[in-house]
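> Pasting a structure here, questions to come.
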Protein chains: 2
Amino acid sequence: MFEYLRNPRTVAVVGASPDSKKIGNAVLDNLVKSGFSGHIYPVNPSYNEIMGLKCYPSLDHLERGLDLVVIALPARKAIEFLDQCVRNVARFVVIIAGGFSETGEEGRMLEEQIKVKIGGSQTRVIGPNTVGLLFPHSGLNTALTPSDRLYYPGKGNIGFVSQSGALGLLVMDSITEHGLGVSGFVNIGNRADVTEVELLSMFAEDPNTKSIVLYLESIADGEEFFARAMEISMKKPIVVLKTGRSTEAARAASLHTGAMATDDRVLDGILKQSGVIRAYDEVELMDYGKALAYQVPPRGDRIAVVTTAGGVGVVTTDLLTTSRDGIKMRMATFSESEKADLKAHVLPIASVNNPIDLTADGSTDAYESILKILTASDGVDGIIAYALPQTPKIDMDIVSALKQAAEKKPLVAGVIGYRLATKILMELERAKVPAFPSVRRTTDAMKALYRYGLYKRRLESAS
Amino acid sequence: MFEYLRNPRTVAVVGASPDSKKIGNAVLDNLVKSGFSGHIYPVNPSYNEIMGLKCYPSLDHLERGLDLVVIALPARKAIEFLDQCVRNVARFVVIIAGGFSETGEEGRMLEEQIKVKIGGSQTRVIGPNTVGLLFPHSGLNTALTPSDRLYYPGKGNIGFVSQSGALGLLVMDSITEHGLGVSGFVNIGNRADVTEVELLSMFAEDPNTKSIVLYLESIADGEEFFARAMEISMKKPIVVLKTGRSTEAARAASLHTGAMATDDRVLDGILKQSGVIRAYDEVELMDYGKALAYQVPPRGDRIAVVTTAGGVGVVTTDLLTTSRDGIKMRMATFSESEKADLKAHVLPIASVNNPIDLTADGSTDAYESILKILTASDGVDGIIAYALPQTPKIDMDIVSALKQAAEKKPLVAGVIGYRLATKILMELERAKVPAFPSVRRTTDAMKALYRYGLYKRRLESAS
């Protein structure tokens, strides 16, 4: 069923417009530009043609059973239009307009109309109050923001569900910086019909999705969510940024999407029990999603750190072995024979204790040899490897060296800097090695992998 | 005296070379390219001319009393060369070479030679084991990494002292992404002679420096450091990233620069007493340095948040009113008359509770009006304002709107995204409005300002 949402054959844009100030213009433009290969039907009685596409006065003039209808009309008109959708057996309808339950009692009653109108039909509704959806693998982008303001991510492996539209769009724009993609994005908005649990299930079934990340201000049905999350997280990691941790934030959330607060400590316990990794800000959300999409969790907490900058190794040790959110890891120790092997690849002044500091002499070749020793070591559960641009013997081949190691043992890469660093980060992304531009983000990503491993082992032994 | 270091009239590069694989080549190249307007003297007996500059066989052939000599020779040769520096009354000598105390007993004894050789002279030494220094206001860059691998920051207001060289270079490369500059950078390396305290004092005197940030793995003289820091932090904020918080990290640090560990809880207490803001990673270090360089601290903890993305406001409220490192702040509350004033500038559906969510209709004009109300409000101690690119009515004039408000009340800006966001961040940097690309970094910067205000008021009332 949700196959029609993430890979529709036909999309109608209701309220499509040639006027670039209208939302129906941006939606149609994004859809055309994203390379959607199915049929696109602009719907607007005022035009015969928009962007070179034949324009239709209503859904009644189209084939029945459209996969996806995006309604870019104001609230009341959108509700009226729902009748046409149901009559023509549209499978999924996206209602963009705000002005529903998030605005008070009158809006809440209007929103009730949605359920009434689609009741008993085959039509499902995303929204209202949604910025739309994005499924790059299907070339589908129905977002409402013009592409001259934001970049939209390309094909990737993270399924992204967001209760907030603007936050979702901004986060997606952010991750394009180093080329991270998504398998899909859905802004559930006021979720009058389709909820986060159904989308969680959709992404669980989707072969392109390797991890699922959710931004939530409230949870529609707690019991259902946690039951499904527990089931899914055994197979695919789930990361949740659930806001409203303080009373003040809960109040802000309720003003934003009409969300009801849950006691945060209760929620925290339930998330842990269901194997869900919690993120506390929008950067952690995508970072953890990326790490979990690309890497299996380490079997234990003993981490080897490889660097060409001693200070970066020291900061990493600090962050890895101390905790802000309850998770500490340990620095791996090497056997004497491993130390001797490692010594062969570094200058006499370099340290083969952990962190392994190759110093300014560190080369891509040395990395390759050292990573081989670390991936073979029984004392090492995971590797944090920095690919740093400041030394002359580190070249772009560092990417394949890290990739090879990451295939053998959980590895997270760190790249600090901007000039060459950006290029290294882009290449690591292309190779699907999880890489991050700061020590904190690198170590936190490794801790997220470790947390998932802990949860998964506990869930497995309990089942 | 330190005037000669940060604004030398003459610089000699010993070991200058036309061979791009030599460190003496990169140092000379960076110096020439950074637009240094004083005299540059390449020194190398093997050449008559390098990069179009006359090359000298020794310092004995130059005027006496050179302000700065950079020695790009191996450890033992550098030590030998010190005699020439002392004989010719060089004021500051940078010894780049490693292979001293960080490598063990033999190196430690070699390093002792530095003190012996300069004892009783007017010559002071930076290093050894240093990547060099950068003073953009003087067009001075003696760093050893070629500029095709790293960008070097331009003129700014942050004085940066780093015990680690590579970490210093990588952090400087990172901050160029959004155009942040420095007033100066010195890598103290093994600090055989010049210590962090002297550089702290130098930056305290420097009119271009508005805040001082230090990366330290150990502190040379604790008592002296804290006495000076307490004095300086009354006038200029100081941020310290001191590593070795865990036993494992302390061990890593001692292997890196031979640093001795201090009990971290003791250190933490002393830093607080001396009004020093502590950072826990390299991003926080520069973020806090930037916020403190550009903004005075808020007088209290009541923060108003303005956004065009509800979700961003909710996450901000969460992070601001909860704590990872002991500092929570409060959401400001508005009087009924302020609420009425605010209402006039937003859609009826928008929230004028705090966070103020202008929704997708939010415009630069509305921001301007709202910021005027907030800067005039007695109930608001500080403002977090998001300049978000996803909505059509936010244009580049948002930068001057934020700038005007920041001149009246402590303000920190947040910009989430990449495409247009990068441009907004660059413009805010040009206007010296502290702006950050994530909710965490934005709220943490506001908390750093607040912490500095708390310390400063306590120091003032104690004196």
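Numbering starts fresh at 1 for the residues of each chain in the structure tokens, the chains themselves are lettered A, B, ... in the order given, and ligands are numbered from 1 as they appear.
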Do me a favour and pick out the residues of chain B within 6 Å of chain A, using only C-alpha atoms, as number ranges by chain.
B: 103, 149-151, 164, 166-167, 170, 173-174, 245-246, 249, 252-253, 256, 309-312, 314, 317-318, 349, 416-420
> Based on DSSP run over this structure's backbone, return all residues of stretch 110-326 of chain A in helix (DSSP H, G or I), as a PyMOL selection string.
chain A and resi 110-118+136-138+165-178+196-205+222-233+247-257+264-273+282-294+310-321
> Of the residues B:Asp397, B:Asp263, B:Asp341, B:Asp221, which is the one nearest to B:Glu368, using only C-alpha atoms?
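Looking only at the distances to B:Glu368, the closest residue turns out to be B:Asp397.
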> If we count only C-alpha atoms, what is near stretch 133-138 of chain B at a cut-off of 7 Å, once residues fewer than 3 positions away on the same chain are taken out, given as a list in words?
Arg6, Asn7, Phe36, Asn141, Thr142, Ala143, Gly154, Lys155, Ser183, Gly184, Phe185, Val186 and Asn187 of chain B
> Using backbone DSSP assignments, extract all strand (DSSP E or B) residues from stretch 54-172 of chain A; output them as a ChimeraX atom specification.
/A:54,56,68-71,92-95,124-126,133-135,140-141,155-162
> Name all residues at most 7 Å from stretch 399-409 of chain A (count only C-alpha atoms; drop same-chain ones fewer than 6 positions away) and give them as a PyMOL selection string.
chain A and resi 368+371-372+375+382+427-428+431+433
> List the spatial neighbours of stretch 38-46 of chain B as JSON, numbers by chain - criterion: any atom at most 10 Å away, only C-alpha atoms, same-chain residues fewer than 6 positions off excluded.
{"B": [7, 8, 9, 10, 11, 12, 13, 14, 15, 16, 17, 24, 25, 28, 31, 32, 53, 54, 55, 56, 57, 58, 59, 61, 62, 66, 68, 69, 70, 71, 72, 138, 139, 140]}
> Just the selected residues (N, CA and C atoms), exported as a CSV table (one decimal), in the first residue's frame, please.

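As a result, part37.csv now contains:
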chain,number,residue,atom,x,y,z
B,7,ASN,N,53.8,41.8,15.6
B,7,ASN,CA,53.9,42.8,14.5
B,7,ASN,C,55.4,43.0,14.2
B,8,PRO,N,56.1,42.0,13.7
B,8,PRO,CA,57.6,42.2,13.5
B,8,PRO,C,57.8,43.1,12.3
B,9,ARG,N,59.0,43.7,12.3
B,9,ARG,CA,59.3,44.5,11.1
B,9,ARG,C,60.2,43.7,10.1
B,10,THR,N,60.8,42.7,10.7
B,10,THR,CA,61.7,41.8,9.9
B,10,THR,C,61.5,40.4,10.3
B,11,VAL,N,61.5,39.5,9.3
B,11,VAL,CA,61.5,38.1,9.6
B,11,VAL,C,62.5,37.3,8.8
B,12,ALA,N,63.3,36.5,9.4
B,12,ALA,CA,64.2,35.7,8.7
B,12,ALA,C,63.7,34.2,8.7
B,13,VAL,N,63.8,33.6,7.5
B,13,VAL,CA,63.4,32.2,7.5
B,13,VAL,C,64.6,31.3,7.2
B,14,VAL,N,65.1,30.6,8.3
B,14,VAL,CA,66.3,29.9,8.2
B,14,VAL,C,66.0,28.4,7.7
B,15,GLY,N,66.6,28.1,6.6
B,15,GLY,CA,66.3,26.8,6.0
B,15,GLY,C,65.3,27.0,4.9
B,16,ALA,N,65.2,28.3,4.5
B,16,ALA,CA,64.3,28.6,3.3
B,16,ALA,C,64.8,27.8,2.1
B,17,SER,N,63.9,27.4,1.3
B,17,SER,CA,64.2,26.5,0.2
B,17,SER,C,63.3,26.6,-1.0
B,24,GLY,N,60.9,24.6,4.9
B,24,GLY,CA,61.4,25.9,4.7
B,24,GLY,C,60.8,26.6,3.5
B,25,ASN,N,60.3,25.8,2.6
B,25,ASN,CA,59.7,26.3,1.4
B,25,ASN,C,58.3,26.8,1.7
B,28,LEU,N,58.2,30.0,3.9
B,28,LEU,CA,58.5,31.2,3.1
B,28,LEU,C,57.4,31.6,2.2
B,31,LEU,N,54.5,33.1,4.1
B,31,LEU,CA,54.9,34.4,4.6
B,31,LEU,C,54.8,35.4,3.4
B,32,VAL,N,55.2,35.0,2.2
B,32,VAL,CA,55.2,35.9,1.0
B,32,VAL,C,53.7,36.1,0.7
B,53,LEU,N,63.5,36.5,-3.7
B,53,LEU,CA,64.0,37.3,-2.6
B,53,LEU,C,65.5,36.9,-2.5
B,54,LYS,N,66.3,37.9,-2.2
B,54,LYS,CA,67.8,37.7,-2.0
B,54,LYS,C,67.9,36.8,-0.7
B,55,CYS,N,68.8,35.7,-0.9
B,55,CYS,CA,68.9,34.7,0.1
B,55,CYS,C,70.3,34.9,0.8
B,56,TYR,N,70.4,34.8,2.1
B,56,TYR,CA,71.6,35.1,2.9
B,56,TYR,C,72.2,33.8,3.5
B,57,PRO,N,73.5,33.8,3.5
B,57,PRO,CA,74.2,32.6,4.1
B,57,PRO,C,74.0,32.4,5.6
B,58,SER,N,73.8,33.5,6.3
B,58,SER,CA,73.7,33.4,7.8
B,58,SER,C,73.1,34.7,8.3
B,59,LEU,N,72.7,34.7,9.6
B,59,LEU,CA,72.2,35.9,10.2
B,59,LEU,C,73.3,36.9,10.3
B,61,HIS,N,75.1,38.1,8.3
B,61,HIS,CA,75.1,39.0,7.2
B,61,HIS,C,74.0,40.0,7.2
B,62,LEU,N,73.2,39.9,8.2
B,62,LEU,CA,72.0,40.8,8.3
B,62,LEU,C,72.1,41.8,9.4
B,66,LEU,N,67.1,41.4,14.6
B,66,LEU,CA,66.0,41.0,13.9
B,66,LEU,C,64.8,40.7,14.8
B,68,LEU,N,62.1,38.7,14.2
B,68,LEU,CA,61.6,37.3,14.3
B,68,LEU,C,62.5,36.4,13.4
B,69,VAL,N,62.9,35.3,13.9
B,69,VAL,CA,63.6,34.3,13.1
B,69,VAL,C,62.9,33.0,13.2
B,70,VAL,N,62.6,32.4,12.1
B,70,VAL,CA,61.9,31.1,12.0
B,70,VAL,C,62.9,30.1,11.6
B,71,ILE,N,63.2,29.1,12.4
B,71,ILE,CA,64.2,28.1,12.1
B,71,ILE,C,63.5,26.8,11.6
B,72,ALA,N,63.7,26.6,10.2
B,72,ALA,CA,63.1,25.4,9.6
B,72,ALA,C,64.2,24.4,9.4
B,138,SER,N,49.0,41.7,10.8
B,138,SER,CA,50.3,42.1,10.4
B,138,SER,C,50.7,41.4,9.1
B,139,GLY,N,49.8,40.7,8.5
B,139,GLY,CA,50.1,40.0,7.3
B,139,GLY,C,51.2,38.9,7.5
B,140,LEU,N,51.2,38.3,8.7
B,140,LEU,CA,52.3,37.4,9.1
B,140,LEU,C,51.7,36.0,9.2
> Find the distance between atom CA of B:Thr195 and atom CA of B:Ile126 and write it in Å to one decimal.
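Atom CA of B:Ile126 lies 8.3 Å from atom CA of B:Thr195.
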> Determine, counting only C-alpha atoms, which protein, DNA and RNA residues have an atom within 12 Å of an atom of stretch 75-80 of chain A; residues of the same chain fewer than 5 positions away are not included. Present the result as a VMD selection string.
chain A and resid 13 to 15 69 to 70 85 to 87 93 to 101 103 106 to 118 125 127 to 130
> Produce a file of the selected residues containing N, CA and C atoms, as a compact mmCIF listing (two decimals), in the first residue's frame.

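Wrote part.txt, looks like this:
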# COMPACT_ATOMS: atom_id res chain seq x y z
N VAL A 13 -0.89 17.54 -9.14
CA VAL A 13 -0.63 18.70 -8.30
C VAL A 13 -1.81 19.65 -8.42
N VAL A 14 -2.62 19.70 -7.38
CA VAL A 14 -3.85 20.49 -7.40
C VAL A 14 -3.54 21.90 -6.90
N GLY A 15 -3.87 22.90 -7.74
CA GLY A 15 -3.47 24.26 -7.43
C GLY A 15 -2.14 24.59 -8.09
N VAL A 69 -1.91 12.52 -4.87
CA VAL A 69 -2.45 13.84 -5.19
C VAL A 69 -1.92 14.84 -4.15
N VAL A 70 -1.28 15.89 -4.63
CA VAL A 70 -0.79 16.93 -3.73
C VAL A 70 -1.71 18.13 -3.86
N CYS A 85 -11.02 13.61 -4.51
CA CYS A 85 -9.96 12.60 -4.34
C CYS A 85 -10.59 11.23 -4.02
N VAL A 86 -11.53 11.26 -3.08
CA VAL A 86 -12.17 10.01 -2.65
C VAL A 86 -12.96 9.42 -3.81
N ARG A 87 -13.72 10.29 -4.49
CA ARG A 87 -14.55 9.87 -5.62
C ARG A 87 -13.70 9.20 -6.70
N VAL A 93 -3.15 11.36 -0.51
CA VAL A 93 -3.38 12.79 -0.72
C VAL A 93 -2.52 13.56 0.29
N VAL A 94 -1.74 14.50 -0.22
CA VAL A 94 -0.95 15.37 0.65
C VAL A 94 -1.68 16.70 0.76
N ILE A 95 -2.05 17.09 1.99
CA ILE A 95 -2.69 18.40 2.19
C ILE A 95 -1.67 19.35 2.80
N ILE A 96 -1.22 20.30 1.99
CA ILE A 96 -0.15 21.21 2.40
C ILE A 96 -0.64 22.25 3.40
N ALA A 97 -1.83 22.79 3.18
CA ALA A 97 -2.30 23.95 3.95
C ALA A 97 -2.21 23.79 5.46
N GLY A 98 -1.83 24.88 6.14
CA GLY A 98 -1.97 24.97 7.58
C GLY A 98 -3.32 25.60 7.88
N GLY A 99 -3.55 25.94 9.15
CA GLY A 99 -4.82 26.55 9.52
C GLY A 99 -5.78 25.51 10.07
N PHE A 100 -5.23 24.40 10.56
CA PHE A 100 -6.06 23.34 11.13
C PHE A 100 -5.87 23.28 12.65
N SER A 101 -5.72 22.09 13.20
CA SER A 101 -5.71 21.94 14.66
C SER A 101 -4.62 22.76 15.35
N THR A 103 -4.10 25.72 15.06
CA THR A 103 -4.51 27.11 15.29
C THR A 103 -5.63 27.24 16.32
N GLU A 106 -11.44 25.99 16.19
CA GLU A 106 -12.08 26.04 14.88
C GLU A 106 -11.31 25.17 13.87
N GLY A 107 -9.98 25.33 13.90
CA GLY A 107 -9.13 24.55 13.01
C GLY A 107 -9.20 23.06 13.31
N ARG A 108 -9.35 22.75 14.59
CA ARG A 108 -9.42 21.34 14.99
C ARG A 108 -10.67 20.69 14.38
N MET A 109 -11.76 21.47 14.40
CA MET A 109 -13.00 20.93 13.83
C MET A 109 -12.91 20.75 12.33
N LEU A 110 -12.20 21.69 11.69
CA LEU A 110 -11.99 21.57 10.25
C LEU A 110 -11.17 20.30 9.96
N GLU A 111 -10.18 20.07 10.79
CA GLU A 111 -9.31 18.90 10.60
C GLU A 111 -10.10 17.60 10.77
N GLU A 112 -11.08 17.61 11.68
CA GLU A 112 -11.94 16.43 11.88
C GLU A 112 -12.60 16.02 10.57
N GLN A 113 -12.93 17.04 9.75
CA GLN A 113 -13.56 16.81 8.45
C GLN A 113 -12.76 15.84 7.57
N ILE A 114 -11.43 15.90 7.72
CA ILE A 114 -10.58 15.04 6.90
C ILE A 114 -10.93 13.58 7.15
N LYS A 115 -10.95 13.22 8.43
CA LYS A 115 -11.26 11.83 8.80
C LYS A 115 -12.64 11.42 8.32
N VAL A 116 -13.59 12.37 8.48
CA VAL A 116 -14.96 12.09 8.05
C VAL A 116 -15.00 11.81 6.55
N LYS A 117 -14.36 12.68 5.79
CA LYS A 117 -14.43 12.58 4.33
C LYS A 117 -13.74 11.33 3.78
N ILE A 118 -12.62 10.91 4.38
CA ILE A 118 -11.94 9.73 3.83
C ILE A 118 -12.39 8.43 4.51
N VAL A 125 -4.49 10.19 3.85
CA VAL A 125 -4.05 11.59 3.82
C VAL A 125 -2.75 11.79 4.61
N GLY A 127 -0.62 14.84 6.28
CA GLY A 127 -0.86 16.21 6.68
C GLY A 127 -2.13 16.30 7.48
N PRO A 128 -2.79 17.44 7.51
CA PRO A 128 -2.46 18.69 6.81
C PRO A 128 -1.28 19.38 7.50
N ASN A 129 -0.97 20.60 7.00
CA ASN A 129 0.12 21.39 7.57
C ASN A 129 1.43 20.66 7.33
N THR A 130 1.68 20.31 6.10
CA THR A 130 2.90 19.57 5.75
C THR A 130 3.62 20.25 4.58
> Calculated over only C-alpha atoms, which of the candidates A:Glu198, A:Glu63, A:Asp444, A:Asp268 has the smallest distance to A:Lys328?
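Of all the options, A:Asp444 lies closest to A:Lys328.
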> Tell me, as a PyMOL selection string, which residues lie within 12 Å of B:Leu271, counting only C-alpha atoms; anything in the same chain fewer than 6 positions away does not count.
chain B and resi 219+222-223+225-230+233+238-242+264-265+277-279+452+455
> Please produce a file of the residues just selected, as a PDB file, in the first residue's frame, where the atoms kept are N, CA and C atoms.

ATOM      1  N   ILE B 219      49.196  22.765  31.898  1.00  0.00           N
ATOM      2  CA  ILE B 219      49.424  24.175  32.196  1.00  0.00           C
ATOM      3  C   ILE B 219      50.811  24.294  32.812  1.00  0.00           C
ATOM      4  N   GLY B 222      50.607  26.562  37.076  1.00  0.00           N
ATOM      5  CA  GLY B 222      49.211  26.716  37.462  1.00  0.00           C
ATOM      6  C   GLY B 222      48.920  28.022  38.178  1.00  0.00           C
ATOM      7  N   GLU B 223      49.671  28.316  39.215  1.00  0.00           N
ATOM      8  CA  GLU B 223      49.406  29.519  40.016  1.00  0.00           C
ATOM      9  C   GLU B 223      49.474  30.791  39.187  1.00  0.00           C
ATOM     10  N   PHE B 225      49.256  31.033  35.942  1.00  0.00           N
ATOM     11  CA  PHE B 225      48.194  31.037  34.935  1.00  0.00           C
ATOM     12  C   PHE B 225      46.887  31.560  35.528  1.00  0.00           C
ATOM     13  N   PHE B 226      46.533  31.050  36.698  1.00  0.00           N
ATOM     14  CA  PHE B 226      45.239  31.417  37.251  1.00  0.00           C
ATOM     15  C   PHE B 226      45.218  32.860  37.745  1.00  0.00           C
ATOM     16  N   ALA B 227      46.338  33.315  38.257  1.00  0.00           N
ATOM     17  CA  ALA B 227      46.411  34.713  38.700  1.00  0.00           C
ATOM     18  C   ALA B 227      46.226  35.655  37.508  1.00  0.00           C
ATOM     19  N   ARG B 228      46.953  35.366  36.423  1.00  0.00           N
ATOM     20  CA  ARG B 228      46.853  36.219  35.233  1.00  0.00           C
ATOM     21  C   ARG B 228      45.462  36.103  34.604  1.00  0.00           C
ATOM     22  N   ALA B 229      44.946  34.875  34.529  1.00  0.00           N
ATOM     23  CA  ALA B 229      43.643  34.652  33.902  1.00  0.00           C
ATOM     24  C   ALA B 229      42.562  35.423  34.650  1.00  0.00           C
ATOM     25  N   MET B 230      42.627  35.415  35.969  1.00  0.00           N
ATOM     26  CA  MET B 230      41.618  36.113  36.765  1.00  0.00           C
ATOM     27  C   MET B 230      41.635  37.611  36.472  1.00  0.00           C
ATOM     28  N   SER B 233      40.537  38.095  32.590  1.00  0.00           N
ATOM     29  CA  SER B 233      39.155  37.739  32.247  1.00  0.00           C
ATOM     30  C   SER B 233      38.153  38.806  32.707  1.00  0.00           C
ATOM     31  N   ILE B 238      38.161  34.711  28.370  1.00  0.00           N
ATOM     32  CA  ILE B 238      39.116  33.646  28.060  1.00  0.00           C
ATOM     33  C   ILE B 238      38.350  32.315  27.986  1.00  0.00           C
ATOM     34  N   VAL B 239      38.611  31.560  26.933  1.00  0.00           N
ATOM     35  CA  VAL B 239      38.004  30.230  26.799  1.00  0.00           C
ATOM     36  C   VAL B 239      39.135  29.207  26.759  1.00  0.00           C
ATOM     37  N   VAL B 240      38.984  28.130  27.521  1.00  0.00           N
ATOM     38  CA  VAL B 240      40.029  27.109  27.552  1.00  0.00           C
ATOM     39  C   VAL B 240      39.450  25.740  27.215  1.00  0.00           C
ATOM     40  N   LEU B 241      40.090  25.078  26.257  1.00  0.00           N
ATOM     41  CA  LEU B 241      39.848  23.646  26.055  1.00  0.00           C
ATOM     42  C   LEU B 241      41.046  22.931  26.655  1.00  0.00           C
ATOM     43  N   LYS B 242      40.841  22.394  27.853  1.00  0.00           N
ATOM     44  CA  LYS B 242      41.926  21.687  28.545  1.00  0.00           C
ATOM     45  C   LYS B 242      41.584  20.207  28.514  1.00  0.00           C
ATOM     46  N   ASP B 264      41.191  16.704  37.246  1.00  0.00           N
ATOM     47  CA  ASP B 264      40.314  17.543  36.439  1.00  0.00           C
ATOM     48  C   ASP B 264      39.292  18.316  37.260  1.00  0.00           C
ATOM     49  N   ARG B 265      38.824  17.736  38.364  1.00  0.00           N
ATOM     50  CA  ARG B 265      37.834  18.471  39.162  1.00  0.00           C
ATOM     51  C   ARG B 265      38.462  19.688  39.827  1.00  0.00           C
ATOM     52  N   ILE B 277      35.974  30.511  30.781  1.00  0.00           N
ATOM     53  CA  ILE B 277      34.918  29.664  30.230  1.00  0.00           C
ATOM     54  C   ILE B 277      35.562  28.389  29.712  1.00  0.00           C
ATOM     55  N   ARG B 278      35.033  27.263  30.118  1.00  0.00           N
ATOM     56  CA  ARG B 278      35.608  26.006  29.654  1.00  0.00           C
ATOM     57  C   ARG B 278      34.864  25.485  28.431  1.00  0.00           C
ATOM     58  N   ALA B 279      35.616  25.053  27.440  1.00  0.00           N
ATOM     59  CA  ALA B 279      35.045  24.374  26.276  1.00  0.00           C
ATOM     60  C   ALA B 279      35.459  22.914  26.357  1.00  0.00           C
ATOM     61  N   TYR B 452      29.889  33.682  31.208  1.00  0.00           N
ATOM     62  CA  TYR B 452      30.879  34.747  31.366  1.00  0.00           C
ATOM     63  C   TYR B 452      30.299  35.895  32.192  1.00  0.00           C
ATOM     64  N   TYR B 455      30.348  34.875  35.881  1.00  0.00           N
ATOM     65  CA  TYR B 455      31.708  34.925  36.422  1.00  0.00           C
ATOM     66  C   TYR B 455      32.134  36.373  36.647  1.00  0.00           C
TER      67      TYR B 455
END
> Quick one, how far is atom CA of B:Gly156 from atom CA of B:Ile212?
11.6 Å
> Expressed in Å to a single decimal, how great is the separation between atom CA of A:Pro297 and atom CA of A:Val380?
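Calculated distance between atom CA of A:Pro297 and atom CA of A:Val380 is 12.7 Å.
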> Using only C-alpha atoms, pick whichever of A:Leu73, A:Val182, A:Ile394, A:Ala332 has the shortest atom-to-atom distance to A:Gly289.
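Checking each candidate against A:Gly289, we get A:Val182 as the closest.
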